[in-house]
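input.txt (compact mmCIF, C-alpha atoms) appears below.
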```txt
# COMPACT_ATOMS: atom_id res chain seq x y z
CA MET A 248 23.26 -23.02 -4.64
CA LYS A 249 19.79 -21.77 -3.70
CA THR A 250 16.40 -23.32 -4.43
CA LEU A 251 13.85 -20.78 -5.72
CA PHE A 252 11.02 -23.22 -6.48
CA GLN A 253 10.46 -26.82 -5.51
CA ILE A 254 7.24 -28.43 -6.64
CA ASP A 255 6.90 -32.06 -5.59
CA HIS A 256 5.38 -34.86 -7.63
CA SER A 257 1.67 -35.38 -7.19
CA GLU A 258 1.13 -38.32 -9.52
CA PRO A 259 2.87 -41.65 -10.21
CA ARG A 260 5.63 -41.97 -12.75
CA SER A 261 4.74 -43.87 -15.90
CA GLY A 262 8.30 -45.09 -16.46
CA ALA A 263 8.44 -43.60 -19.95
CA ASP A 264 8.57 -39.90 -19.14
CA THR A 265 10.93 -37.19 -20.40
CA LEU A 266 13.38 -35.34 -18.19
CA LEU A 267 13.52 -31.67 -19.23
CA CYS A 268 16.30 -29.38 -18.02
CA GLU A 269 17.04 -25.75 -18.86
CA TRP A 270 20.49 -24.60 -17.77
CA GLY A 271 21.75 -21.00 -17.89
CA GLU A 272 24.74 -19.13 -16.50
CA ARG A 273 23.30 -18.74 -13.00
CA TYR A 274 20.30 -21.02 -12.85
CA CYS A 275 18.96 -24.47 -13.64
CA CYS A 276 15.32 -25.53 -13.95
CA TYR A 277 14.24 -29.13 -14.44
CA THR A 278 11.00 -31.07 -14.50
CA ILE A 279 9.46 -34.32 -15.70
CA LEU A 280 7.11 -34.34 -18.68
CA ASN A 281 4.43 -36.99 -18.14
CA HIS A 282 3.26 -37.91 -21.64
CA ASP A 283 0.15 -39.77 -20.46
CA SER A 284 -1.34 -36.81 -18.56
CA ARG A 285 0.26 -34.07 -20.70
CA SER A 286 1.51 -32.42 -17.52
CA LEU A 287 4.77 -31.42 -15.86
CA ALA A 288 5.11 -33.60 -12.77
CA GLY A 289 7.21 -31.72 -10.25
CA LEU A 290 9.71 -28.93 -10.85
CA GLN A 291 12.97 -27.69 -9.31
CA TYR A 292 14.45 -24.25 -9.98
CA VAL A 293 17.88 -23.51 -8.47
CA THR A 294 20.22 -20.54 -8.77
CA PHE A 295 23.99 -20.12 -8.46
CA ASP A 296 25.95 -17.11 -7.19
CA GLN A 297 28.49 -17.77 -9.94
CA PRO A 298 28.48 -20.17 -12.90
CA ALA A 299 27.83 -23.61 -11.42
CA SER A 300 30.83 -25.25 -9.76
CA LYS A 301 31.68 -28.92 -10.28
CA ASP A 302 30.08 -29.81 -6.94
CA GLU A 303 26.90 -27.91 -7.83
CA VAL A 304 26.68 -29.66 -11.20
CA GLU A 305 27.06 -33.00 -9.42
CA SER A 306 24.35 -32.06 -6.93
CA VAL A 307 21.85 -31.11 -9.65
CA ILE A 308 22.47 -34.23 -11.73
CA ARG A 309 22.31 -36.47 -8.67
CA GLN A 310 18.89 -35.00 -7.80
CA GLN A 311 17.65 -35.49 -11.36
CA LYS A 312 18.62 -39.16 -11.25
CA LEU A 313 16.78 -39.63 -7.95
CA ASN A 314 13.55 -38.36 -9.49
CA GLY A 315 13.05 -41.73 -11.18
CA LEU A 316 14.77 -44.90 -12.22
CA ARG A 317 14.35 -44.43 -15.95
CA TYR A 318 13.51 -41.76 -18.49
CA ASP A 319 12.33 -42.42 -22.00
CA ARG A 320 14.11 -39.26 -23.15
CA VAL A 321 16.42 -36.65 -21.64
CA VAL A 322 16.37 -33.15 -23.14
CA PHE A 323 18.65 -30.30 -22.07
CA CYS A 324 18.06 -26.71 -23.14
CA SER A 325 20.83 -24.12 -23.16
CA GLY A 326 20.01 -20.76 -21.62
CA PHE A 327 23.50 -19.37 -22.26
CA PRO A 328 23.80 -16.05 -24.08
CA GLN A 329 26.25 -17.10 -26.78
CA ALA A 330 23.84 -17.83 -29.63
CA VAL A 331 23.53 -16.64 -33.22
CA LEU A 332 20.52 -16.87 -35.52
CA VAL A 333 21.69 -17.36 -39.11
CA PRO A 334 19.64 -17.57 -42.33
CA LYS A 335 19.54 -21.23 -43.27
CA PRO A 336 21.46 -20.89 -46.60
CA LEU A 337 24.35 -19.10 -44.84
CA PHE A 338 24.97 -21.57 -42.03
CA SER A 339 28.06 -23.79 -42.12
CA GLU A 340 28.82 -26.53 -39.58
CA THR A 341 32.52 -26.39 -40.45
CA GLU A 342 32.71 -22.70 -39.45
CA PRO A 343 30.02 -22.19 -36.80
CA PRO A 344 29.26 -18.47 -36.38
CA VAL A 345 28.98 -18.75 -32.60
CA ALA A 346 32.66 -19.75 -32.46
CA HIS A 347 33.50 -16.09 -33.08
CA LEU A 348 31.58 -15.17 -29.91
CA SER A 349 32.86 -18.02 -27.77
CA PRO A 350 36.06 -19.59 -29.13
CA GLU A 351 36.88 -21.21 -25.78
CA LYS A 352 37.50 -24.95 -25.56
CA ARG A 353 35.26 -25.12 -22.48
CA MET A 354 32.20 -24.63 -24.69
CA LYS A 355 30.61 -27.18 -27.01
CA TYR A 356 28.78 -25.99 -30.14
CA PHE A 357 25.29 -27.04 -31.21
CA HIS A 358 22.74 -25.86 -33.73
CA ASP A 359 18.96 -26.15 -34.21
CA GLN A 360 17.04 -25.89 -37.45
CA ILE A 361 14.03 -23.57 -37.04
CA GLY A 362 12.04 -24.32 -40.17
CA GLU A 363 9.19 -21.98 -39.22
CA TRP A 364 11.55 -19.02 -39.69
CA GLN A 365 14.08 -20.57 -42.12
CA VAL A 366 16.95 -19.87 -39.74
CA VAL A 367 19.53 -21.90 -37.85
CA ASN A 368 20.22 -21.22 -34.18
CA ASN A 369 23.93 -21.79 -33.47
CA TYR A 370 24.64 -21.87 -29.71
CA VAL A 371 26.90 -23.16 -26.94
CA PHE A 372 26.68 -25.32 -23.85
CA PRO A 373 29.49 -25.82 -21.32
CA ARG A 374 31.51 -28.88 -22.30
CA ALA A 375 32.08 -30.00 -18.68
CA ILE A 376 28.34 -30.02 -17.89
CA TYR A 377 27.48 -31.72 -21.18
CA GLU A 378 30.02 -34.49 -20.66
CA ARG A 379 28.80 -35.08 -17.10
CA VAL A 380 25.21 -35.23 -18.35
CA MET A 381 26.19 -37.73 -21.05
CA ASP A 382 27.96 -39.89 -18.46
CA SER A 383 24.81 -39.93 -16.34
CA PHE A 384 22.07 -40.32 -18.93
CA GLY A 385 23.71 -41.52 -22.14
CA ASP A 386 21.73 -40.18 -25.08
CA VAL A 387 20.78 -36.53 -24.51
CA GLN A 388 18.92 -34.23 -26.88
CA MET A 389 19.97 -30.55 -26.93
CA SER A 390 18.06 -27.35 -27.71
CA HIS A 391 18.23 -23.63 -26.89
CA VAL A 392 15.79 -21.15 -25.35
CA TYR A 393 15.62 -19.07 -28.55
CA THR A 394 14.71 -22.18 -30.52
CA THR A 395 11.87 -23.21 -28.24
CA ALA A 396 10.55 -19.63 -27.97
CA LEU A 397 10.40 -19.30 -31.75
CA LYS A 398 8.79 -22.70 -32.27
CA THR A 399 5.91 -22.23 -29.84
CA TYR A 400 2.84 -19.99 -29.81
CA ASN A 401 2.79 -17.41 -27.00
CA GLY A 402 -0.94 -16.67 -27.17
CA TYR A 403 -0.70 -13.46 -29.24
CA THR A 404 -0.94 -12.73 -32.96
CA ALA A 405 0.19 -9.08 -32.96
CA ASP A 406 2.44 -8.23 -35.90
CA ALA A 407 4.97 -6.42 -33.68
CA GLN A 408 5.98 -8.29 -30.51
CA VAL A 409 8.74 -7.86 -27.97
CA SER A 410 8.94 -11.00 -25.85
CA VAL A 411 10.94 -10.66 -22.63
CA ASP A 412 11.76 -13.60 -20.37
CA PHE A 413 13.34 -12.96 -16.96
CA THR A 414 15.83 -15.25 -15.25
CA PRO A 415 17.99 -14.43 -12.20
CA ARG A 416 20.04 -11.28 -13.05
CA THR A 417 19.38 -11.56 -16.78
CA PHE A 418 16.57 -11.22 -19.29
CA ARG A 419 16.30 -12.33 -22.90
CA VAL A 420 14.51 -10.45 -25.65
CA VAL A 421 13.05 -11.82 -28.88
CA VAL A 422 11.58 -9.25 -31.28
CA LYS A 423 9.27 -10.17 -34.16
CA LYS A 424 7.99 -7.59 -36.61
CA GLY A 425 6.60 -7.79 -40.12
CA GLY A 426 6.88 -11.58 -40.18
CA GLN A 427 10.60 -11.48 -39.43
CA ILE A 428 12.86 -12.00 -36.42
CA GLN A 429 14.40 -8.63 -35.67
CA LEU A 430 16.40 -9.48 -32.54
CA ALA A 431 17.30 -12.32 -30.17
CA GLN A 432 19.57 -11.17 -27.37
CA MET A 433 20.25 -11.59 -23.64
CA TYR A 434 21.11 -8.79 -21.21
CA GLU A 435 22.21 -8.51 -17.59
CA TYR A 436 20.47 -6.16 -15.17
CA SER A 437 20.80 -5.05 -11.56
CA VAL A 438 17.81 -2.71 -11.09
CA PRO A 439 14.48 -2.34 -12.95
CA LEU A 440 15.60 0.81 -14.76
CA ASP A 441 18.33 -1.20 -16.46
CA VAL A 442 15.59 -3.24 -18.16
CA VAL A 443 13.66 -0.10 -19.10
CA TYR A 444 16.79 1.43 -20.65
CA TYR A 445 17.52 -1.59 -22.84
CA LEU A 446 13.91 -1.91 -23.98
CA LEU A 447 13.55 1.77 -24.82
CA LYS A 448 16.74 1.52 -26.87
CA ILE A 449 15.42 -1.56 -28.69
CA TYR A 450 12.10 0.17 -29.44
CA GLN A 451 13.96 3.20 -30.79
CA GLU A 452 16.47 1.28 -32.94
CA LEU A 453 13.85 -1.04 -34.44
CA HIS A 454 11.24 1.70 -34.91
CA LEU A 455 8.67 0.04 -32.68
CA SER A 456 5.57 1.88 -31.53
CA LYS A 457 5.06 1.75 -27.76
CA GLU A 458 1.30 2.00 -28.34
CA GLU A 459 0.96 -0.80 -30.92
CA THR A 460 3.78 -3.19 -30.06
CA HIS A 461 2.89 -5.99 -27.67
CA LEU A 462 5.37 -6.27 -24.80
CA ILE A 463 4.95 -9.90 -23.73
CA LEU A 464 6.45 -10.88 -20.37
CA SER A 465 7.39 -14.24 -18.92
CA GLY A 466 9.75 -15.71 -16.37
CA LEU A 467 10.46 -14.35 -12.90
CA ILE A 468 8.21 -11.28 -12.84
CA ASP A 469 4.71 -10.56 -11.52
CA GLU A 470 2.35 -7.59 -11.36
CA ALA A 471 3.22 -6.83 -7.73
CA SER A 472 6.95 -6.51 -8.42
CA ALA A 473 8.89 -3.25 -8.64
CA LEU A 474 10.14 -4.41 -12.04
CA TYR A 475 6.62 -4.70 -13.47
CA LYS A 476 5.55 -1.35 -12.03
CA GLU A 477 8.59 0.33 -13.59
CA LEU A 478 7.87 -1.23 -16.98
CA TYR A 479 4.23 -0.17 -16.77
CA SER A 480 5.37 3.45 -16.33
CA TYR A 481 6.92 3.36 -19.81
CA PHE A 482 5.02 0.67 -21.74
CA LEU A 483 1.23 0.43 -21.66
CA ASN A 484 0.69 -2.49 -24.06
CA ILE A 485 1.95 -5.14 -21.63
CA HIS A 486 0.81 -8.76 -21.51
CA PHE A 487 1.87 -12.00 -19.85
CA VAL A 488 2.58 -15.03 -21.99
CA HIS A 489 -0.04 -17.80 -22.06
CA PRO A 490 1.69 -21.20 -22.31
CA ALA A 491 -0.66 -23.62 -24.03
CA GLY A 492 -1.24 -27.35 -24.17
CA LEU A 493 0.42 -28.42 -20.91
CA SER A 494 -0.15 -27.97 -17.20
CA LEU A 495 1.87 -28.01 -14.02
CA THR A 496 0.43 -30.37 -11.45
CA ASN A 497 0.85 -27.69 -8.76
CA LYS A 498 -1.24 -24.53 -9.38
CA GLU A 499 0.43 -22.33 -6.75
CA TYR A 500 2.52 -20.36 -9.24
CA PRO A 501 1.40 -18.55 -12.41
CA PRO A 502 2.24 -20.45 -15.62
CA HIS A 503 4.31 -17.59 -17.07
CA PHE A 504 6.95 -18.14 -14.34
CA PHE A 505 7.98 -21.32 -16.16
CA ALA A 506 7.12 -20.37 -19.74
CA SER A 507 10.51 -21.39 -21.13
CA ILE A 508 10.27 -24.91 -19.69
CA TYR A 509 6.69 -25.13 -21.05
CA ASN A 510 8.12 -24.15 -24.46
CA LEU A 511 10.68 -26.93 -24.21
CA ALA A 512 7.98 -29.43 -23.28
CA GLN A 513 5.85 -28.33 -26.24
CA CYS A 514 8.75 -28.84 -28.62
CA VAL A 515 9.48 -32.41 -27.50
CA SER A 516 5.96 -33.68 -26.83
```
Rewrite the structure from the file as structure tokens, please.
Amino acid sequence: MKTLFQIDHSEPRSGADTLLCEWGERYCCYTILNHDSRSLAGLQYVTFDQPASKDEVESVIRQQKLNGLRYDRVVFCSGFPQAVLVPKPLFSETEPPVAHLSPEKRMKYFHDQIGEWQVVNNYVFPRAIYERVMDSFGDVQMSHVYTTALKTYNGYTADAQVSVDFTPRTFRVVVKKGGQIQLAQMYEYSVPLDVVYYLLKIYQELHLSKEETHLILSGLIDEASALYKELYSYFLNIHFVHPAGLSLTNKEYPPHFFASIYNLAQCVS
């Protein structure tokens, strides 16, 4: 387990804060939402070489419990790729669509209603991690990164948008066009050209104009990176997401690095 970011607390706990945690296949990011100051007080972002082992899960949860004696709420957000967006009238809890993608007993199924788009997000979270979290915190609220991305405003009103959020070794794409969700998918990549290839294919298949479509970036990418420079060679209409309404007490890192955890905070605040 490796720590990518560690931002310490700079203000006192109120005792009624919310623990927010986003957990994906090879990373975990958690922070404390201070409702009084409308800020994220401290943040930890860790990565795993493989899906988290039992010892790594224990280590993360132990650290979360040390951050304070009590939380008013605990919210976990799944960053796992097995997720299906279904039109609301077609969704059935008795036959969850995501079960066809991940029929394994090690996964637990959840779903979120996204009223803004009249869809249901059906997704998974590892059963072993969920049960350990429940043992530690009791009542836990679940969500998914697609849900929070679709429920929050990214700072842009362009009709055609390709939102790309980067995590270690993966990136997730949400495409909106003509008032509809066209795509929500995660991909693995090794080199920057892998990302370019997938995006060019998406633009082609969905008939997106490279000149008019906003390519909106967030997550682990910055303008000095080889990844950004490669993207800029192919896509000129590039922007960084502008998370709104909340702030991180430490200003060392750009807000778009942690856009997905900002989204989660917006959805629960």
Contact check, region 320-430 of chain A to region 292-298 of chain A, at most 12 Å, counting only C-alpha atoms, closest pairs as a tab-separated table:
```
residue	atom	partner	partner_atom	distance
A:Phe327	CA	A:Pro298	CA	10.6
A:Pro373	CA	A:Pro298	CA	10.2
A:Ala375	CA	A:Pro298	CA	12.0
A:Ile376	CA	A:Pro298	CA	11.0
A:Thr414	CA	A:Thr294	CA	9.4
A:Pro415	CA	A:Thr294	CA	7.4
A:Arg416	CA	A:Asp296	CA	10.2
```
Quick check, in Å to one decimal: how far apart do CA of Ala299 (chain A) and CA of Gly385 (chain A) lie? 21.3 Å
Interatomic distance between CA of Tyr445 (chain A) and CA of Leu251 (chain A)?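 A separation of 26.0 Å between them.
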Please write as JSON, numbers by chain the list of polymer residues whose atoms come within 12 Å of (10.0, 0.7, -29.9), counting all atoms listed in the file and keeping to the coordinates of the file. {"A": [407, 408, 409, 422, 423, 424, 429, 443, 444, 445, 446, 447, 448, 449, 450, 451, 452, 453, 454, 455, 456, 457, 458, 459, 460, 461, 462, 481, 482, 484]}
Could you save those same residues with C-alpha atoms as a CSV table (one decimal), keeping the file's coordinate frame?
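Result file is again-v1.csv:
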```
chain,number,residue,atom,x,y,z
A,407,ALA,CA,5.0,-6.4,-33.7
A,408,GLN,CA,6.0,-8.3,-30.5
A,409,VAL,CA,8.7,-7.9,-28.0
A,422,VAL,CA,11.6,-9.2,-31.3
A,423,LYS,CA,9.3,-10.2,-34.2
A,424,LYS,CA,8.0,-7.6,-36.6
A,429,GLN,CA,14.4,-8.6,-35.7
A,443,VAL,CA,13.7,-0.1,-19.1
A,444,TYR,CA,16.8,1.4,-20.6
A,445,TYR,CA,17.5,-1.6,-22.8
A,446,LEU,CA,13.9,-1.9,-24.0
A,447,LEU,CA,13.6,1.8,-24.8
A,448,LYS,CA,16.7,1.5,-26.9
A,449,ILE,CA,15.4,-1.6,-28.7
A,450,TYR,CA,12.1,0.2,-29.4
A,451,GLN,CA,14.0,3.2,-30.8
A,452,GLU,CA,16.5,1.3,-32.9
A,453,LEU,CA,13.8,-1.0,-34.4
A,454,HIS,CA,11.2,1.7,-34.9
A,455,LEU,CA,8.7,0.0,-32.7
A,456,SER,CA,5.6,1.9,-31.5
A,457,LYS,CA,5.1,1.8,-27.8
A,458,GLU,CA,1.3,2.0,-28.3
A,459,GLU,CA,1.0,-0.8,-30.9
A,460,THR,CA,3.8,-3.2,-30.1
A,461,HIS,CA,2.9,-6.0,-27.7
A,462,LEU,CA,5.4,-6.3,-24.8
A,481,TYR,CA,6.9,3.4,-19.8
A,482,PHE,CA,5.0,0.7,-21.7
A,484,ASN,CA,0.7,-2.5,-24.1
```
What is the distance, in Å and to one decimal place, between CA of Phe384 (chain A) and CA of Asp264 (chain A)?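 Going from CA of Phe384 (chain A) over to CA of Asp264 (chain A) covers 13.5 Å.
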Using all atoms listed in the file, tabulate the residues of region 390-479 of chain A lying at most 8 Å from any atom of region 505-509 of chain A, each with its closest atom pair and that distance in Å to one decimal, by chain and increasing residue number, as JSON lines.
```
{"residue": "A:Val392", "atom": "CA", "partner": "A:Ser507", "partner_atom": "CA", "distance": 6.8}
{"residue": "A:Thr395", "atom": "CA", "partner": "A:Ser507", "partner_atom": "CA", "distance": 7.5}
{"residue": "A:Ala396", "atom": "CA", "partner": "A:Ser507", "partner_atom": "CA", "distance": 7.1}
{"residue": "A:Asp412", "atom": "CA", "partner": "A:Ser507", "partner_atom": "CA", "distance": 7.9}
{"residue": "A:Ser465", "atom": "CA", "partner": "A:Ala506", "partner_atom": "CA", "distance": 6.2}
{"residue": "A:Gly466", "atom": "CA", "partner": "A:Phe505", "partner_atom": "CA", "distance": 5.9}
```
Up to 8 Å from (25.8, -13.8, -33.5) in the file's coordinates: name the residues, counting all atoms listed in the file, as a VMD selection string. chain A and resid 329 to 333 344 to 345 348
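Of the listed residues (A:Val411, A:Leu478, A:Leu280, A:Ile485), A:Leu478 comes nearest to Asp441 (chain A); the distances count all atoms listed in the file.
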Closest to Arg419 (chain A) among A:Leu483, A:Met354, A:Val387, A:Leu464, using all atoms listed in the file? A:Leu464
Select from region 395-454 of chain A every residue with an atom at most 12 Å from any atom of region 365-372 of chain A, then for each give the shortest pair of atoms and their distance in Å to one decimal, using all atoms listed in the file, rows by chain and rising number, as CSV.
```
residue,atom,partner,partner_atom,distance
A:Thr395,CA,A:Asn368,CA,10.4
A:Ala396,CA,A:Asn368,CA,11.6
A:Leu397,CA,A:Asn368,CA,10.3
A:Lys398,CA,A:Gln365,CA,11.4
A:Gly426,CA,A:Gln365,CA,11.7
A:Gln427,CA,A:Gln365,CA,10.1
A:Ile428,CA,A:Val366,CA,9.5
A:Ala431,CA,A:Asn368,CA,10.2
```
Considering all atoms listed in the file, tabulate each residue of region 341-418 of chain A that lies at most 9 Å from region 432-436 of chain A along with its nearest interatomic pair and the corresponding distance in Å to one decimal; arrange the rows by chain and ascending residue number and present them as JSON lines.
```
{"residue": "A:Tyr393", "atom": "CA", "partner": "A:Gln432", "partner_atom": "CA", "distance": 8.9}
{"residue": "A:Arg416", "atom": "CA", "partner": "A:Tyr436", "partner_atom": "CA", "distance": 5.6}
{"residue": "A:Thr417", "atom": "CA", "partner": "A:Glu435", "partner_atom": "CA", "distance": 4.2}
{"residue": "A:Phe418", "atom": "CA", "partner": "A:Tyr434", "partner_atom": "CA", "distance": 5.5}
```
Region 340-366 of chain A rebuilt with N, CA and C atoms, output as a compact mmCIF listing (two decimals), in the coordinates of the input:
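See result-v4.txt below for the written result:
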```
# COMPACT_ATOMS: atom_id res chain seq x y z
N GLU A 340 28.39 -25.80 -40.76
CA GLU A 340 28.82 -26.53 -39.58
C GLU A 340 30.34 -26.50 -39.42
N THR A 341 31.06 -26.38 -40.52
CA THR A 341 32.52 -26.39 -40.45
C THR A 341 33.06 -25.09 -39.87
N GLU A 342 32.32 -23.99 -40.03
CA GLU A 342 32.71 -22.70 -39.45
C GLU A 342 31.53 -22.11 -38.70
N PRO A 343 31.20 -22.66 -37.54
CA PRO A 343 30.02 -22.19 -36.80
C PRO A 343 30.16 -20.73 -36.39
N PRO A 344 29.17 -19.90 -36.70
CA PRO A 344 29.26 -18.47 -36.38
C PRO A 344 29.47 -18.19 -34.90
N VAL A 345 28.88 -19.02 -34.03
CA VAL A 345 28.98 -18.75 -32.60
C VAL A 345 30.42 -18.91 -32.10
N ALA A 346 31.27 -19.59 -32.86
CA ALA A 346 32.66 -19.75 -32.46
C ALA A 346 33.38 -18.41 -32.37
N HIS A 347 32.90 -17.42 -33.14
CA HIS A 347 33.50 -16.09 -33.08
C HIS A 347 33.13 -15.36 -31.78
N LEU A 348 32.00 -15.77 -31.18
CA LEU A 348 31.58 -15.17 -29.91
C LEU A 348 32.18 -15.90 -28.72
N SER A 349 32.38 -17.20 -28.88
CA SER A 349 32.86 -18.02 -27.77
C SER A 349 33.84 -19.07 -28.29
N PRO A 350 35.09 -18.66 -28.56
CA PRO A 350 36.06 -19.59 -29.13
C PRO A 350 36.72 -20.51 -28.09
N GLU A 351 36.23 -20.46 -26.86
CA GLU A 351 36.88 -21.21 -25.78
C GLU A 351 36.63 -22.71 -25.91
N LYS A 352 37.62 -23.50 -25.51
CA LYS A 352 37.50 -24.95 -25.56
C LYS A 352 36.51 -25.48 -24.52
N ARG A 353 36.17 -24.64 -23.51
CA ARG A 353 35.26 -25.12 -22.48
C ARG A 353 33.81 -25.17 -22.97
N MET A 354 33.55 -24.62 -24.16
CA MET A 354 32.20 -24.63 -24.69
C MET A 354 32.08 -25.65 -25.84
N LYS A 355 30.91 -26.27 -25.92
CA LYS A 355 30.61 -27.18 -27.01
C LYS A 355 29.55 -26.53 -27.89
N TYR A 356 29.68 -26.67 -29.22
CA TYR A 356 28.78 -25.99 -30.14
C TYR A 356 27.66 -26.91 -30.61
N PHE A 357 26.47 -26.33 -30.72
CA PHE A 357 25.29 -27.04 -31.21
C PHE A 357 24.53 -26.13 -32.17
N HIS A 358 23.61 -26.70 -32.91
CA HIS A 358 22.74 -25.86 -33.73
C HIS A 358 21.38 -26.53 -33.90
N ASP A 359 20.34 -25.70 -34.00
CA ASP A 359 18.96 -26.15 -34.21
C ASP A 359 18.43 -25.56 -35.51
N GLN A 360 17.76 -26.37 -36.28
CA GLN A 360 17.04 -25.89 -37.45
C GLN A 360 15.68 -25.37 -37.01
N ILE A 361 15.35 -24.13 -37.37
CA ILE A 361 14.03 -23.57 -37.04
C ILE A 361 13.32 -23.33 -38.37
N GLY A 362 12.66 -24.38 -38.85
CA GLY A 362 12.04 -24.32 -40.17
C GLY A 362 10.97 -23.26 -40.30
N GLU A 363 10.25 -22.98 -39.18
CA GLU A 363 9.19 -21.98 -39.22
C GLU A 363 9.69 -20.61 -39.65
N TRP A 364 10.97 -20.33 -39.38
CA TRP A 364 11.55 -19.02 -39.69
C TRP A 364 12.70 -19.13 -40.69
N GLN A 365 13.00 -20.33 -41.16
CA GLN A 365 14.08 -20.57 -42.12
C GLN A 365 15.42 -20.03 -41.62
N VAL A 366 15.67 -20.28 -40.34
CA VAL A 366 16.95 -19.87 -39.74
C VAL A 366 17.54 -21.05 -38.98
```
